[in-house]
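Notes for the one structure printed next.
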Amino acid sequence: MQNSTVDQQDIEFSSNLELLAKQVVEGFITGLHKSPFHGFSVEFAEHRLYNVGDNVKNIDWKLFARTDKMFSKRYEEETNLRCQFIIDASSSMHFPLNAYNKIKFSVQATAALMFLLKRQRDAFGLSIFADELLLNTPAKSTTTHQKYLFAHLEELLSVAKINVGTNLEHALHQIAELIHKRSLVIIFSDMLNTIQDEKSTEALFSALQHLKFNKHEVVIFNVTDKAKEVNFEFENRPYEFIDMETGTSIKAHSSKVKDAYLTRIREYREMIQLKCTQYKIDRIDADILDGFYPVLQAYLIKRQKMN
């Protein structure tokens, strides 16, 4: 992770999550400034591209001198985007246990995106679900609201909940009814709740269609421990595999089940991707060991398309 210098005052008054989010975003933007996409990064940081008809008083001429591109400065009253984050807090998201896991990655990535949105003066809300909807807040752009949501995110990291199932489709229907203004809906989930049967998959995409019908844009970050869950990289020996949501266990030798597992998971992921493409939903693989920059970049690309 690329970290930028953080003042001691920031360390004293920030939660660990807030400090991490600040470091991630500032490191990410610094990297973009050093890249050929300098103007791209500035636009999303505190400026937007100048459009014909904009007040010329708002043009940043110093930035124009450096980039040969016109940008208008953004101000507090400008809120161009509303974003609703939805986090899957079911037991499967706590895999792997006693290690860096999917829920921690999702929480930290969400915090970083919230920090970026706050910097852009955009509004953001938070929904958390497991077998039921646990939290749903409206989208706001205030510092108080950000701290309130960070406190809820911190709570998700405190205890690993075992044998708690997932009801993503039910949560999405509820959230679709609760979001009253057009928003970008960003979902962090391992998407494993529908792998068992086609009926569950159809129910999930019916709920996603509900969001699309209400004119929301939807991005799914499909969070995985790719080495274990996608590539099945286990040692060649017997294991006891335990379903973290139901407690069901099965004993098997890794080499004897690997081929069947890889075939099933590949078919499932291809089917999910096909349906997402069909319904114009962005599905992005998010390996927990790849860090947060791919998530931030995917968000910026999506936001660029929405302008």
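Labeling convention for the structure tokens: chains A, B, ... as they appear, residues from 1 per chain, ligands from 1 in order of appearance.
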Checklist entry - Counting only C-alpha atoms, what is within 12 Å of Lys228 (chain A), bar same-chain residues fewer than 2 positions away, as a ChimeraX atom specification? => result /A:95-96,101,224-226,230-235,241,254,258,261-262,265,287-289
Next on the checklist: Could you go through region 96-284 of chain A and tell me which residues DSSP, when run on the backbone, assigns to strand (DSSP E), listing them as a VMD selection string?
Outcome noted: chain A and resid 123 to 129 133 to 136 184 to 189 217 to 224 238 to 242 249 to 253 282 to 284
Report as CSV: every residue of region 128-186 of chain A with an atom at most 12 Å from region 54-76 of chain A, its closest pair of atoms, and their distance in Å to one decimal, counting only C-alpha atoms, with rows sorted by chain and ascending residue number.
```
residue,atom,partner,partner_atom,distance
A:Ser141,CA,A:Glu76,CA,9.3
A:Thr142,CA,A:Glu76,CA,9.9
A:Thr143,CA,A:Glu76,CA,11.9
```
Restricting it to C-alpha atoms, dump the selection as an mmCIF file, in the first residue's frame.
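Output (part-v5.cif):
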```cif
data_model
loop_
_atom_site.group_PDB
_atom_site.id
_atom_site.type_symbol
_atom_site.label_atom_id
_atom_site.label_comp_id
_atom_site.auth_asym_id
_atom_site.auth_seq_id
_atom_site.Cartn_x
_atom_site.Cartn_y
_atom_site.Cartn_z
ATOM 1 C CA SER A 141 -22.245 14.517 2.389
ATOM 2 C CA THR A 142 -21.480 15.930 5.854
ATOM 3 C CA THR A 143 -18.464 15.150 8.030
#
```
Next on the checklist: At a cut-off of 7 Å, using only C-alpha atoms, what residues contact Val25 (chain A)? Leave out same-chain residues fewer than 3 positions from it and give the result as a count of residues only.
Outcome noted: 6
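The closest residue to Glu270 (chain A), picked from A:His216, A:Ile242, A:Ile195, A:Leu49 and counting only C-alpha atoms, is A:Ile195.
Remark: for Met191 (chain A), the closest of the candidate residues A:Ile220, A:Leu81, A:Leu135, A:Ile179 is A:Ile220 (distances computed over only C-alpha atoms).
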Checklist entry - Counting only C-alpha atoms, which of A:Lys140, A:Arg266, A:His152, A:Arg283 gets nearest to Lys118 (chain A)? => result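 Answer, going by the shortest atom-to-atom distance: A:Lys140.
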Checklist entry - How many Å lie between CA of Leu172 (chain A) and CA of Leu153 (chain A), rounded to one decimal? => result 19.0 Å
Checklist entry - Which neighbours of region 158-164 of chain A fall inside 8 Å, counting only C-alpha atoms, when residues of the same chain fewer than 5 positions from it are skipped, and could you give them as a ChimeraX atom specification? => result /A:90-91,94,130-131,244-247
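Proximity to Gln108 (chain A) was assessed for A:Leu192, A:Ala123, A:Ile87, A:Leu211 counting only C-alpha atoms; the smallest distance is recorded for A:Ile87.
Within 8 Å of Thr110 (chain A), once only C-alpha atoms are used and residues closer than 4 positions along the same chain are dropped, the contacting residues are Phe85, Ser106 and Met114 of chain A.
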Could you name the residues that touch Ile272 (chain A) at 12 Å or less, counting only C-alpha atoms, but leaving out those on the same chain fewer than 2 positions away, as a JSON list (two decimals) with C-alpha atoms, in the first residue's frame?
```
[["chain", "number", "residue", "atom", "x", "y", "z"],
["A", 190, "ASP", "CA", -19.01, -12.78, -2.20],
["A", 191, "MET", "CA", -22.17, -13.68, -4.17],
["A", 192, "LEU", "CA", -22.03, -17.24, -2.83],
["A", 193, "ASN", "CA", -25.60, -17.38, -1.55],
["A", 194, "THR", "CA", -27.06, -18.26, -4.94],
["A", 195, "ILE", "CA", -24.56, -20.93, -5.98],
["A", 198, "GLU", "CA", -31.07, -21.65, -10.15],
["A", 200, "SER", "CA", -31.93, -18.44, -5.83],
["A", 201, "THR", "CA", -30.08, -16.89, -8.74],
["A", 202, "GLU", "CA", -33.32, -15.82, -10.40],
["A", 204, "LEU", "CA", -31.28, -12.32, -6.80],
["A", 205, "PHE", "CA", -31.49, -10.87, -10.31],
["A", 220, "ILE", "CA", -21.14, -5.34, -7.70],
["A", 222, "ASN", "CA", -17.59, -9.69, -6.13],
["A", 265, "ILE", "CA", -17.28, -22.45, -9.53],
["A", 266, "ARG", "CA", -16.24, -21.53, -13.08],
["A", 267, "GLU", "CA", -19.70, -22.30, -14.47],
["A", 268, "TYR", "CA", -21.35, -20.34, -11.67],
["A", 269, "ARG", "CA", -19.15, -17.27, -12.09],
["A", 270, "GLU", "CA", -19.63, -17.29, -15.85],
["A", 274, "LEU", "CA", -23.56, -13.29, -18.22],
["A", 275, "LYS", "CA", -26.65, -12.20, -16.30],
["A", 276, "CYS", "CA", -24.94, -9.02, -15.07],
["A", 277, "THR", "CA", -24.04, -8.16, -18.66],
["A", 278, "GLN", "CA", -27.61, -8.89, -19.74],
["A", 279, "TYR", "CA", -29.05, -6.52, -17.10],
["A", 281, "ILE", "CA", -24.89, -4.35, -14.14],
["A", 282, "ASP", "CA", -21.16, -3.88, -13.59],
["A", 283, "ARG", "CA", -19.67, -6.91, -11.86],
["A", 284, "ILE", "CA", -16.04, -6.52, -10.84],
["A", 285, "ASP", "CA", -13.84, -9.23, -9.33]]
```
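Within 8 Å of Asp243 (chain A), once only C-alpha atoms are used and residues closer than 5 positions along the same chain are dropped, the contacting residues are Ser92, Thr248 and Ser249 of chain A.
Between Arg237 (chain A) and the residues A:Phe129, A:Ile175, A:Val219, A:Val257, the shortest atom-to-atom distance, using only C-alpha atoms, involves A:Val257.
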Item to check | Straight-line distance linking CA of Ala207 (chain A) with CA of His170 (chain A), stated in Å to one decimal | outcome: 7.3 Å
Checklist entry - In terms of the shortest atom-to-atom distance over only C-alpha atoms, which of A:Ala298, A:Cys83, A:Leu168, A:Ala139 is closest to Ile186 (chain A)? => result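 Distance minimum relative to Ile186 (chain A) lands on A:Cys83.
The interatomic distance for the pair CA of Lys102 (chain A) and CA of Arg264 (chain A) works out to 21.0 Å.
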